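Novice: You'll find model-v2.txt just under this line, and it carries compact mmCIF, C-alpha atoms.
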# COMPACT_ATOMS: atom_id res chain seq x y z
CA MET Q 1 19.84 27.13 -4.75
CA SER Q 2 23.57 26.74 -5.39
CA LYS Q 3 25.02 23.46 -6.60
CA LEU Q 4 27.23 21.48 -4.25
CA LYS Q 5 30.92 21.99 -5.00
CA GLN Q 6 33.01 18.86 -5.55
CA LYS Q 7 34.93 19.17 -2.27
CA HIS Q 8 31.67 19.63 -0.37
CA PHE Q 9 30.11 16.73 -2.24
CA LYS Q 10 32.92 14.44 -1.08
CA ARG Q 11 32.30 15.53 2.51
CA ALA Q 12 28.58 14.86 2.09
CA VAL Q 13 29.26 11.37 0.77
CA GLN Q 14 31.58 10.69 3.70
CA ALA Q 15 29.02 11.94 6.21
CA ALA Q 16 26.29 9.83 4.60
CA GLY Q 17 28.56 6.80 4.89
CA TYR Q 18 28.96 7.31 8.64
CA ILE Q 19 25.20 7.77 9.04
CA ASN Q 20 24.51 4.59 7.07
CA GLU Q 21 26.88 2.61 9.29
CA ALA Q 22 25.30 4.04 12.43
CA SER Q 23 21.83 3.17 11.20
CA GLY Q 24 22.86 -0.37 10.34
CA ALA Q 25 24.13 -0.89 13.88
CA MET Q 26 20.77 -0.02 15.48
CA ASN Q 27 17.66 -2.12 14.95
CA VAL Q 28 14.80 -0.60 16.94
CA LEU Q 29 12.20 -3.30 16.32
CA LYS Q 30 14.52 -6.12 17.35
CA SER Q 31 15.54 -4.18 20.43
CA VAL Q 32 11.91 -3.96 21.67
CA ASN Q 33 10.86 -7.49 20.75
CA TRP Q 34 8.91 -9.53 23.33
CA ASP Q 35 9.33 -13.19 24.16
CA GLY Q 36 6.31 -15.26 23.13
CA ARG Q 37 5.94 -16.54 26.70
CA HIS Q 38 4.37 -13.21 27.72
CA LYS Q 39 1.35 -13.90 25.53
CA LYS Q 40 0.79 -17.35 27.01
CA ARG Q 41 1.13 -16.01 30.55
CA PHE Q 42 -1.25 -13.12 29.87
CA PHE Q 43 -4.02 -15.42 28.67
CA GLU Q 44 -3.45 -17.98 31.42
CA THR Q 45 -3.20 -15.60 34.39
CA GLY Q 46 -4.55 -12.23 33.22
CA LYS Q 47 -1.43 -10.55 34.60
CA LEU Q 48 0.17 -7.74 32.63
CA PRO Q 49 3.21 -8.73 30.55
CA SER Q 50 6.54 -7.95 32.23
CA PRO Q 51 9.10 -7.75 29.41
CA THR Q 52 12.75 -7.07 30.04
CA TYR Q 53 15.16 -5.70 27.47
CA ARG Q 54 18.77 -6.71 27.08
CA LYS Q 55 21.29 -3.93 27.32
CA ILE Q 56 22.55 -2.70 23.95
CA ASP Q 57 25.72 -0.66 23.61
CA VAL Q 58 25.13 2.24 21.21
CA SER Q 59 28.43 4.00 21.86
CA GLU Q 60 29.87 2.99 18.48
CA PRO Q 61 26.88 4.31 16.49
CA ARG Q 62 27.01 7.52 18.53
CA ASP Q 63 30.68 7.94 17.60
CA MET Q 64 29.83 7.54 13.92
CA ILE Q 65 26.99 10.05 14.23
CA ALA Q 66 29.40 12.53 15.82
CA GLN Q 67 31.85 12.08 12.94
CA ALA Q 68 29.05 12.66 10.43
CA ARG Q 69 27.83 15.73 12.31
CA ALA Q 70 31.32 17.23 12.26
CA LEU Q 71 31.29 17.07 8.46
CA CYS Q 72 27.93 18.88 8.21
CA ASP Q 73 29.31 22.38 8.83
CA SER Q 74 27.63 23.98 5.81
CA ASP Q 75 24.20 25.55 5.43
CA HIS Q 76 23.72 23.91 2.02
CA VAL Q 77 20.43 22.02 1.68
CA VAL Q 78 22.26 18.68 1.28
CA PHE Q 79 24.08 19.16 4.59
CA GLU Q 80 20.81 20.20 6.21
CA TRP Q 81 19.39 16.83 5.11
CA LEU Q 82 22.39 14.98 6.53
CA ASP Q 83 22.22 16.96 9.76
CA ARG Q 84 18.56 15.96 10.19
CA LEU Q 85 19.59 12.35 9.68
CA CYS Q 86 22.18 12.75 12.43
CA THR Q 87 19.47 13.98 14.78
CA THR Q 88 17.27 11.03 13.83
CA MET Q 89 20.09 8.60 14.59
CA GLU Q 90 20.80 10.29 17.93
CA HIS Q 91 17.14 9.96 18.91
CA THR Q 92 17.20 6.33 17.77
CA ALA Q 93 20.17 5.60 20.02
CA SER Q 94 18.41 7.31 22.93
CA LEU Q 95 15.21 5.37 22.23
CA ILE Q 96 17.11 2.10 22.52
CA GLN Q 97 18.85 3.22 25.70
CA THR Q 98 15.59 4.24 27.43
CA ARG Q 99 13.50 1.11 26.75
CA GLY Q 100 11.29 0.26 29.70
CA THR Q 101 11.42 3.79 31.14
CA PRO Q 102 9.14 6.85 30.87
CA GLN Q 103 11.81 8.61 28.76
CA PHE Q 104 11.20 6.06 25.99
CA PHE Q 105 7.96 7.87 25.11
CA HIS Q 106 9.80 11.18 24.67
CA TYR Q 107 12.14 9.76 22.03
CA SER Q 108 9.37 7.75 20.40
CA SER Q 109 7.39 10.99 20.05
CA GLU Q 110 10.42 12.75 18.55
CA LEU Q 111 10.85 10.00 15.98
CA PHE Q 112 7.28 8.99 15.18
CA GLY Q 113 5.13 11.79 16.61
CA ARG Q 114 2.12 11.54 18.90
CA PRO Q 115 -1.59 11.60 18.03
CA THR Q 116 -2.26 15.12 19.29
CA ARG Q 117 0.71 16.86 17.67
CA LEU Q 118 -0.31 19.58 15.21
CA MET Q 119 0.84 19.20 11.63
CA ILE Q 120 2.45 21.98 9.61
CA ASP Q 121 -0.90 23.71 9.02
CA LYS Q 122 -1.11 24.18 12.83
CA GLN Q 123 -4.69 22.86 12.75
CA THR Q 124 -4.72 19.19 11.73
CA ARG Q 125 -3.96 16.30 14.07
CA VAL Q 126 -3.72 12.65 13.07
CA LEU Q 127 -6.04 11.93 16.01
CA ASP Q 128 -8.74 13.94 14.18
CA LEU Q 129 -8.42 11.74 11.08
CA ALA Q 130 -8.50 8.59 13.22
CA LYS Q 131 -11.67 9.73 14.99
CA HIS Q 132 -13.27 10.72 11.67
CA LEU Q 133 -12.53 7.33 10.09
CA ASP Q 134 -13.66 5.49 13.20
CA HIS Q 135 -16.95 7.39 13.30
CA THR Q 136 -17.59 7.07 9.55
CA LEU Q 137 -16.87 3.33 9.42
CA SER Q 138 -18.32 2.28 12.77
CA ASP Q 139 -21.90 1.70 11.52
CA LEU Q 140 -21.00 0.04 8.25
CA ASN Q 141 -21.96 -3.57 7.46
CA PHE Q 142 -18.92 -5.01 5.67
CA ASP Q 143 -20.89 -8.01 4.43
CA ASN Q 144 -22.87 -5.70 2.13
CA LEU Q 145 -19.80 -4.25 0.43
CA VAL Q 146 -18.92 -7.35 -1.61
CA ILE Q 147 -21.49 -9.37 -3.56
CA GLU Q 148 -21.68 -12.90 -2.19
CA GLY Q 149 -19.38 -15.30 -3.99
CA PHE Q 150 -17.26 -12.58 -5.56
CA GLU Q 151 -14.46 -12.73 -2.99
CA GLU Q 152 -12.22 -15.81 -2.99
CA TYR Q 153 -10.13 -16.86 -0.01
CA LEU Q 154 -6.57 -18.09 -0.35
CA SER Q 155 -4.18 -20.05 1.84
CA ALA Q 156 -0.73 -18.58 2.42
CA LYS Q 157 0.67 -21.02 -0.17
CA ASP Q 158 -1.91 -20.02 -2.82
CA PHE Q 159 -1.43 -16.36 -1.93
CA ALA Q 160 2.32 -16.66 -2.55
CA LYS Q 161 1.64 -18.49 -5.82
CA ALA Q 162 -0.67 -15.68 -6.99
CA LEU Q 163 1.82 -12.97 -5.99
CA ARG Q 164 5.01 -14.31 -7.59
CA PRO Q 165 4.13 -13.70 -11.28
CA ARG Q 166 2.92 -10.19 -10.48
CA LEU Q 167 6.23 -9.39 -8.79
CA LYS Q 168 8.10 -10.76 -11.78
CA LYS Q 169 6.08 -8.50 -14.09
CA HIS Q 170 7.23 -5.39 -12.21
CA PHE Q 171 10.73 -6.38 -11.06
CA GLY Q 172 11.87 -8.96 -13.61
CA LYS Q 173 14.91 -10.93 -12.45
CA ASP Q 174 15.18 -8.67 -9.39
CA ALA Q 175 11.75 -9.67 -8.06
CA PRO Q 176 11.74 -10.21 -4.27
CA LYS Q 177 11.41 -13.85 -3.23
CA VAL Q 178 8.11 -14.82 -1.61
CA MET Q 179 8.47 -17.07 1.43
CA VAL Q 180 5.87 -18.69 3.69
CA SER Q 181 6.93 -18.27 7.33
CA PRO Q 182 5.70 -20.20 10.41
CA THR Q 183 6.96 -17.55 12.87
CA LEU Q 184 5.89 -14.19 11.41
CA SER Q 185 3.56 -12.22 13.73
CA ALA Q 186 2.17 -9.93 11.01
CA LYS Q 187 0.30 -11.38 8.03
CA ALA Q 188 3.09 -10.22 5.74
CA ALA Q 189 6.38 -8.30 5.82
CA ALA Q 190 8.68 -7.10 3.05
CA SER Q 191 12.29 -6.13 2.48
CA SER Q 192 14.17 -5.37 -0.72
CA SER Q 193 14.98 -9.03 -1.34
CA ARG Q 194 12.08 -11.01 0.10
CA ILE Q 195 8.42 -10.93 1.10
CA ARG Q 196 7.33 -13.19 3.93
CA VAL Q 197 3.75 -14.29 4.54
CA ARG Q 198 2.49 -16.01 7.69
CA ARG Q 199 1.77 -19.69 7.11
CA ASP Q 200 -1.50 -19.86 9.06
CA ALA Q 201 -2.97 -16.61 7.67
CA THR Q 202 -5.93 -16.47 5.28
CA PHE Q 203 -5.85 -14.09 2.32
CA THR Q 204 -8.01 -12.84 -0.55
CA TYR Q 205 -7.16 -11.63 -4.03
CA LYS Q 206 -7.70 -8.12 -2.64
CA ASP Q 207 -4.83 -8.86 -0.28
CA VAL Q 208 -2.65 -9.77 -3.26
CA ASP Q 209 -3.30 -6.31 -4.72
CA GLN Q 210 -2.77 -4.63 -1.36
CA LEU Q 211 0.54 -6.36 -0.69
CA LEU Q 212 1.79 -5.76 -4.22
CA HIS Q 213 1.10 -2.01 -4.10
CA HIS Q 214 1.99 -1.45 -0.42
CA GLU Q 215 4.88 -3.77 0.34
CA ALA Q 216 6.46 -4.57 -3.02
CA LEU Q 217 5.98 -1.47 -5.16
CA ILE Q 218 6.70 0.93 -2.27
CA HIS Q 219 8.86 -0.64 0.42
CA SER Q 220 10.77 -3.11 -1.73
CA ALA Q 221 11.03 -0.79 -4.75
CA THR Q 222 12.31 2.25 -2.84
CA GLY Q 223 14.74 0.03 -0.96
CA MET Q 224 16.15 -1.36 -4.20
CA ASN Q 225 16.32 2.11 -5.76
CA GLY Q 226 18.13 3.42 -2.68
CA GLN Q 227 20.61 0.55 -2.67
CA ALA Q 228 21.42 1.41 -6.28
CA GLN Q 229 22.62 4.87 -5.24
CA GLU Q 230 26.40 4.87 -5.62
CA HIS Q 231 27.11 7.68 -3.18
CA PHE Q 232 24.25 7.65 -0.68
CA LYS Q 233 23.54 4.09 0.45
CA ILE Q 234 21.57 5.48 3.39
CA LEU Q 235 18.71 5.89 0.88
CA GLY Q 236 18.42 2.12 0.71
CA ARG Q 237 18.06 1.63 4.44
CA SER Q 238 14.91 1.64 6.55
CA HIS Q 239 15.20 3.73 9.71
CA ALA Q 240 13.01 5.87 11.94
CA GLY Q 241 13.50 8.95 9.78
CA THR Q 242 11.89 7.25 6.77
CA THR Q 243 9.12 5.26 8.46
CA GLU Q 244 6.38 7.87 8.37
CA ILE Q 245 6.68 8.71 4.67
CA GLN Q 246 7.32 5.09 3.68
CA GLU Q 247 4.11 3.97 5.37
CA GLY Q 248 2.17 7.06 4.28
CA LEU Q 249 3.26 6.52 0.69
CA ALA Q 250 2.33 2.85 0.91
CA VAL Q 251 -1.17 3.59 2.26
CA PHE Q 252 -1.59 6.31 -0.38
CA ALA Q 253 -0.65 3.71 -3.01
CA GLU Q 254 -3.39 1.41 -1.72
CA ILE Q 255 -5.93 4.22 -2.11
CA ILE Q 256 -4.80 5.47 -5.52
CA THR Q 257 -4.81 1.90 -6.94
CA GLY Q 258 -8.18 0.92 -5.42
CA SER Q 259 -6.52 -1.64 -3.15
CA MET Q 260 -7.66 -0.16 0.16
CA ASP Q 261 -10.17 -2.06 2.30
CA PRO Q 262 -12.31 -0.14 4.84
CA ARG Q 263 -11.53 -2.81 7.42
CA ARG Q 264 -7.88 -1.91 7.01
CA PHE Q 265 -8.65 1.78 7.39
CA GLY Q 266 -10.51 0.86 10.55
CA ARG Q 267 -7.47 -1.02 11.88
CA LEU Q 268 -5.19 1.94 11.18
CA SER Q 269 -7.52 4.38 12.94
CA GLY Q 270 -7.92 1.98 15.86
CA ARG Q 271 -4.17 1.92 16.39
CA VAL Q 272 -4.04 5.70 16.69
CA LEU Q 273 -6.95 5.75 19.14
CA ALA Q 274 -5.27 3.02 21.21
CA ILE Q 275 -1.97 4.90 21.28
CA GLU Q 276 -3.76 7.98 22.60
CA MET Q 277 -5.44 5.82 25.25
CA ALA Q 278 -2.02 4.62 26.37
CA VAL Q 279 -0.63 8.18 26.34
CA GLN Q 280 -3.49 9.16 28.66
CA GLY Q 281 -2.57 6.35 31.07
CA ALA Q 282 -4.49 3.25 29.90
CA ASP Q 283 -2.58 0.07 30.74
CA PHE Q 284 -2.01 -3.02 28.59
CA LYS Q 285 -5.23 -4.74 29.70
CA GLU Q 286 -7.40 -1.69 29.03
CA VAL Q 287 -6.01 -1.27 25.51
CA PHE Q 288 -6.34 -5.03 24.93
CA ASP Q 289 -10.03 -4.83 25.89
CA PHE Q 290 -10.45 -1.90 23.48
CA PHE Q 291 -9.17 -4.03 20.59
CA VAL Q 292 -11.20 -7.11 21.59
CA GLU Q 293 -14.37 -5.02 21.55
CA ARG Q 294 -13.53 -3.89 18.00
CA ASN Q 295 -12.50 -7.20 16.43
CA ASP Q 296 -13.63 -10.01 18.78
CA ASP Q 297 -10.24 -11.69 18.26
CA PRO Q 298 -8.25 -12.02 21.52
CA SER Q 299 -5.08 -13.31 19.85
CA GLN Q 300 -4.93 -10.51 17.28
CA SER Q 301 -5.92 -7.99 19.95
CA TYR Q 302 -2.94 -9.07 22.01
CA GLU Q 303 -0.62 -8.55 19.03
CA ASN Q 304 -2.13 -5.11 18.34
CA THR Q 305 -1.64 -4.15 21.98
CA ARG Q 306 1.88 -5.54 22.13
CA ARG Q 307 2.89 -3.33 19.20
CA ILE Q 308 1.87 -0.25 21.21
CA PHE Q 309 3.47 -1.20 24.52
CA ARG Q 310 6.75 -2.78 23.33
CA GLY Q 311 9.65 -0.75 24.64
CA GLY Q 312 7.38 1.43 26.78
CA LEU Q 313 5.49 1.00 30.03
CA VAL Q 314 2.82 -1.71 30.20
CA LYS Q 315 1.12 0.22 33.01
CA GLY Q 316 0.45 3.11 30.61
CA GLY Q 317 1.64 6.65 29.99
CA ALA Q 318 4.64 5.83 27.77
CA PRO Q 319 3.72 3.87 24.61
CA PHE Q 320 5.63 3.17 21.42
CA THR Q 321 4.00 5.56 18.94
CA LYS Q 322 5.25 4.02 15.70
CA ASP Q 323 1.83 2.74 14.63
CA MET Q 324 0.46 6.24 14.15
CA VAL Q 325 2.80 6.84 11.19
CA TYR Q 326 0.41 5.19 8.72
CA LEU Q 327 -2.25 7.87 8.98
CA ASN Q 328 0.12 10.74 9.78
CA GLY Q 329 2.26 9.77 6.79
CA LEU Q 330 -0.82 9.48 4.60
CA LEU Q 331 -1.84 13.05 5.44
CA ARG Q 332 1.63 14.34 4.64
CA VAL Q 333 2.00 12.37 1.40
CA HIS Q 334 -1.48 13.30 0.15
CA ASN Q 335 -0.81 17.01 0.69
CA PHE Q 336 2.63 16.72 -0.90
CA MET Q 337 1.03 15.16 -3.99
CA ARG Q 338 -1.60 17.91 -4.11
CA THR Q 339 1.09 20.57 -3.92
CA VAL Q 340 3.47 19.20 -6.56
CA VAL Q 341 0.57 18.66 -8.97
CA LYS Q 342 -0.56 22.26 -8.47
CA LEU Q 343 3.00 23.45 -9.03
CA ASN Q 344 3.40 21.24 -12.12
CA ARG Q 345 6.37 19.52 -10.47
CA ALA Q 346 5.61 15.86 -11.14
CA ASP Q 347 9.36 15.28 -11.36
CA LEU Q 348 9.51 15.55 -7.57
CA ILE Q 349 7.19 12.56 -7.20
CA ARG Q 350 9.83 10.47 -8.94
CA VAL Q 351 12.53 11.91 -6.68
CA LEU Q 352 10.47 10.51 -3.80
CA PHE Q 353 11.01 7.03 -5.27
CA SER Q 354 14.79 7.27 -5.60
CA GLY Q 355 15.18 5.80 -2.12
CA LYS Q 356 13.74 5.83 1.38
CA MET Q 357 13.40 9.39 2.65
CA ASP Q 358 11.29 12.00 4.38
CA ILE Q 359 9.38 14.58 2.34
CA GLU Q 360 11.59 17.27 3.88
CA ASP Q 361 14.54 15.56 2.16
CA VAL Q 362 13.14 16.04 -1.36
CA PRO Q 363 14.76 19.49 -1.98
CA ALA Q 364 18.22 18.13 -1.07
CA LEU Q 365 17.82 15.03 -3.20
CA ALA Q 366 16.45 17.03 -6.12
CA GLN Q 367 19.57 19.18 -5.86
CA LEU Q 368 21.73 16.06 -6.09
CA ALA Q 369 19.63 14.70 -8.96
CA SER Q 370 19.95 17.95 -10.92
CA SER Q 371 23.73 17.55 -10.94
CA ASP Q 372 23.59 13.83 -11.83
CA ARG Q 373 24.71 12.76 -8.37
CA LEU Q 374 21.58 10.73 -7.78
CA THR Q 375 20.55 7.72 -9.85
CA PRO Q 376 17.00 7.88 -11.27
CA PRO Q 377 14.69 5.27 -9.73
CA LEU Q 378 14.56 2.04 -11.72
CA PHE Q 379 11.56 0.50 -9.97
CA MET Q 380 8.33 2.50 -9.70
CA PRO Q 381 4.64 1.56 -9.51
CA PRO Q 382 2.53 2.04 -12.66
CA TRP Q 383 0.77 5.11 -11.22
CA VAL Q 384 4.16 6.86 -10.95
CA LYS Q 385 5.45 5.73 -14.34
CA ASP Q 386 2.23 7.12 -15.83
CA LEU Q 387 1.10 10.08 -13.72
CA ARG Q 388 -1.98 10.94 -15.76
CA PHE Q 389 -4.46 9.34 -13.37
CA LEU Q 390 -2.79 10.78 -10.28
CA VAL Q 391 -2.74 14.30 -11.74
CA SER Q 392 -6.40 14.01 -12.78
CA TYR Q 393 -7.41 12.67 -9.38
CA MET Q 394 -5.54 15.38 -7.49
CA ALA Q 395 -6.93 18.15 -9.70
CA TYR Q 396 -10.47 16.93 -9.02
CA SER Q 397 -9.97 16.28 -5.29
CA SER Q 398 -8.49 19.75 -4.79
CA PHE Q 399 -11.80 21.20 -6.00
CA LEU Q 400 -13.79 18.90 -3.71
CA ASN Q 401 -11.99 20.44 -0.75
CA GLN Q 402 -13.81 23.67 -1.57
CA VAL Q 403 -17.26 22.05 -1.78
CA LYS Q 404 -19.40 22.49 1.34
CA MET Q 405 -20.39 18.96 2.27
CA PRO Q 406 -23.23 19.70 4.75
CA GLY Q 407 -25.45 21.27 2.08
CA PHE Q 408 -25.11 18.32 -0.29
CA GLN Q 409 -25.45 15.82 2.55
CA THR Q 410 -28.64 17.38 3.92
CA TYR Q 411 -30.21 17.41 0.45
CA TYR Q 412 -29.42 13.75 -0.30
CA GLU Q 413 -30.41 12.60 3.17
CA ARG Q 414 -33.82 14.17 2.62
CA GLU Q 415 -34.18 12.71 -0.86
CA LEU Q 416 -33.12 9.19 0.19
CA ASP Q 417 -34.89 9.01 3.54
CA ASP Q 418 -37.83 6.86 2.33
CA VAL Q 419 -36.03 4.93 -0.41
CA PRO Q 420 -36.43 1.16 0.23
CA VAL Q 421 -33.47 -1.19 0.79
CA VAL Q 422 -32.90 -3.40 -2.26
CA TRP Q 423 -31.29 -6.66 -3.37
CA GLY Q 424 -30.93 -8.35 -0.03
CA PHE Q 425 -29.13 -5.68 1.94
CA ALA Q 426 -29.95 -6.35 5.60
CA ASP Q 427 -30.39 -2.68 6.48
CA GLY Q 428 -29.96 0.79 5.07
CA LYS Q 429 -26.33 0.99 6.09
CA THR Q 430 -23.31 -0.31 4.27
CA ASP Q 431 -21.09 -2.16 6.68
CA ALA Q 432 -17.46 -1.64 7.56
What does the file become when written as structure tokens?

Specialist:
Amino acid sequence: MSKLKQKHFKRAVQAAGYINEASGAMNVLKSVNWDGRHKKRFFETGKLPSPTYRKIDVSEPRDMIAQARALCDSDHVVFEWLDRLCTTMEHTASLIQTRGTPQFFHYSSELFGRPTRLMIDKQTRVLDLAKHLDHTLSDLNFDNLVIEGFEEYLSAKDFAKALRPRLKKHFGKDAPKVMVSPTLSAKAAASSSRIRVRRDATFTYKDVDQLLHHEALIHSATGMNGQAQEHFKILGRSHAGTTEIQEGLAVFAEIITGSMDPRRFGRLSGRVLAIEMAVQGADFKEVFDFFVERNDDPSQSYENTRRIFRGGLVKGGAPFTKDMVYLNGLLRVHNFMRTVVKLNRADLIRVLFSGKMDIEDVPALAQLASSDRLTPPLFMPPWVKDLRFLVSYMAYSSFLNQVKMPGFQTYYERELDDVPVVWGFADGKTDA
């Protein structure tokens, strides 16, 4: 792979600048936001929400994308990366322009995928993982997974108080500020400079771990590392082309650090199943009922359903597919980690933390890093600073993929069939 000549490097930097400006001018989530009155009306009347979307002019971002594309007239891997970013930005502009129409689903699928799309092995679908998780966790009794009295519950204020010193430990003076918000719809949200938590939400110490490893040490850290890049500020910006790997990396971090909760896995799989329902024509009310049956929480079920139908058609057939990126990204990140460990290329894991990117971008960014045109990441989680556990885990899990589960399962099922339930467990199942 040839190094990028200086004159080509200058063109690449210029193209990346145009792409960064175009991305900054388009905010997808704000463009598909719903007024809170729709929720009140839905619960009072039972009628489907009827959101309208203000017109947004994307002609200026499109002009900048065109200028960037004109500079990407080389087949070098760095220009291939920039050209992919141009395509992402074009799809983003089209997504914004087609809100509230059937075409919205086409561009959402281009940017975030759809549950039935085959992955690069031409066999695996994220829908298969969602169904597997849903089936595996559906009979679990969550109350039996934590010994009574072990788990402590925290208010949003106490949660923020517990999180702040942990952020300081990892980020020092650059630690994101923790703010308690009265208006946040999610329990928590993070950027490079701040982490917001919803004022009326209830948390546990497990949630402190989860937010630290998911939001702070992935989303905030990669954002700060990307912003520190002198030549490619686009690496510090969140956009549709980075969402899948950002969320997949964050969920992987929860797993590798022991911060994952099976309830959370259940929520992620439920989102994928609900998206597929909407793709197949289920309307807002049908998907809402699906969530209510799973969590018995009408308010949260509304929010879950809103996430899927925002920007699309509330009558079904054209959802917003962004919420499938968590599991799809997890599959991609896990297999990337397996591969680089097998190849003894742990250096590429650290490239992945030098900013916000897609896994396909790693070869281009490694090329830039090899010629000192990319700044090494300053902020990384402990499991990346010390890769010994990750390498050990991946080496072991790669062997497990060769083990035939049915034989082991049949043997243990037979051996454990008459074993009595002990220590107060209500039944022979562990709940989820």

Novice: Using 12 Å as the limit and counting all atoms listed in the file, can you tabulate each residue of region 90-196 of chain Q that touches region 351-360 of chain Q, with its shortest atom-to-atom distance in Å and the two atoms involved, as a tab-separated table?

Specialist:
residue	atom	partner	partner_atom	distance
Q:Leu111	CA	Q:Asp358	CA	11.8
Q:Phe112	CA	Q:Asp358	CA	11.9
Q:Ile120	CA	Q:Glu360	CA	11.8
Q:Ser192	CA	Q:Gly355	CA	11.3

Novice: What lies within 9 Å of Val272 (chain Q) using only C-alpha atoms, ignoring chain neighbours under 3 positions off, as a list in words?

Specialist: Arg114, Pro115, Val126, Leu127, Ala130, Lys131, Arg267, Leu268, Ser269, Ile275, Glu276, Met277, Thr321, Asp323, Met324, Val325 and Leu327 of chain Q

Novice: As an exercise, work out the distance from CA of Glu286 (chain Q) to CA of Gly316 (chain Q) in Å and give it to one decimal place.

Specialist: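 A separation of 9.3 Å between them.
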
Novice: (-1.1, -1.5, 18.5) in this file's frame - what residues fall within 12 Å of it? Use all atoms listed in the file and give the answer as a ChimeraX atom specification.

Specialist: /Q:186,267-278,284,287-288,290-292,300-310,319-326

Novice: Which residue gives the smallest distance to Pro51 (chain Q) among Q:Ala15, Q:Leu129, Q:Cys86, Q:Leu313, with all atoms listed in the file counted?

Specialist: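 That would be Q:Leu313, the residue with the smallest distance to Pro51 (chain Q).
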
Novice: I want to know what sits within 8 Å of Tyr53 (chain Q), based on all atoms listed in the file, with residues of the same chain fewer than 4 positions away left out; could you give that as a PyMOL selection string?

Specialist: chain Q and resi 31-32+99-100+311

Novice: So how many Å separate CA of Phe203 (chain Q) and CA of Gly223 (chain Q), to one decimal?

Specialist: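 CA of Gly223 (chain Q) lies at a distance of 25.2 Å from CA of Phe203 (chain Q).
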
Novice: To one decimal in Å, tell me the separation between CA of Val146 (chain Q) and CA of His132 (chain Q).

Specialist: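 Distance between the two atoms: 23.1 Å.
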
Novice: Box for region 25-37 of chain Q: with edges along x, y and z, all listed atoms inside and 4 Å added on each side, what are the centre and edge lengths in Å to one decimal, as lines of an AutoDock Vina configuration file?

Specialist:
center_x = 15.0
center_y = -8.3
center_z = 20.3
size_x = 26.2
size_y = 24.5
size_z = 20.8

Novice: Show me as a list of chain:residue names the residues that reach within 10 Å of (-6.4, -1.3, -9.9), counting only C-alpha atoms and using the file's own coordinates.

Specialist: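 The residues that fall inside the cut-off are Q:Asp209, Q:Gln210, Q:His213, Q:Glu254, Q:Ile255, Q:Ile256, Q:Thr257, Q:Gly258, Q:Ser259, Q:Pro382, Q:Trp383.
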
Novice: Mind dumping the selected residues with C-alpha atoms as a PDB file, in the coordinates of the input?

Specialist:
ATOM      1  CA  ASP Q 209      -3.300  -6.310  -4.720  1.00  0.00           C
ATOM      2  CA  GLN Q 210      -2.770  -4.630  -1.360  1.00  0.00           C
ATOM      3  CA  HIS Q 213       1.100  -2.010  -4.100  1.00  0.00           C
ATOM      4  CA  GLU Q 254      -3.390   1.410  -1.720  1.00  0.00           C
ATOM      5  CA  ILE Q 255      -5.930   4.220  -2.110  1.00  0.00           C
ATOM      6  CA  ILE Q 256      -4.800   5.470  -5.520  1.00  0.00           C
ATOM      7  CA  THR Q 257      -4.810   1.900  -6.940  1.00  0.00           C
ATOM      8  CA  GLY Q 258      -8.180   0.920  -5.420  1.00  0.00           C
ATOM      9  CA  SER Q 259      -6.520  -1.640  -3.150  1.00  0.00           C
ATOM     10  CA  PRO Q 382       2.530   2.040 -12.660  1.00  0.00           C
ATOM     11  CA  TRP Q 383       0.770   5.110 -11.220  1.00  0.00           C
TER      12      TRP Q 383
END

Novice: Measuring between all atoms listed in the file, which one of Q:Phe42, Q:Phe232, Q:Trp34, Q:Phe171 shows the shortest distance to Ala16 (chain Q)?

Specialist: Q:Phe232
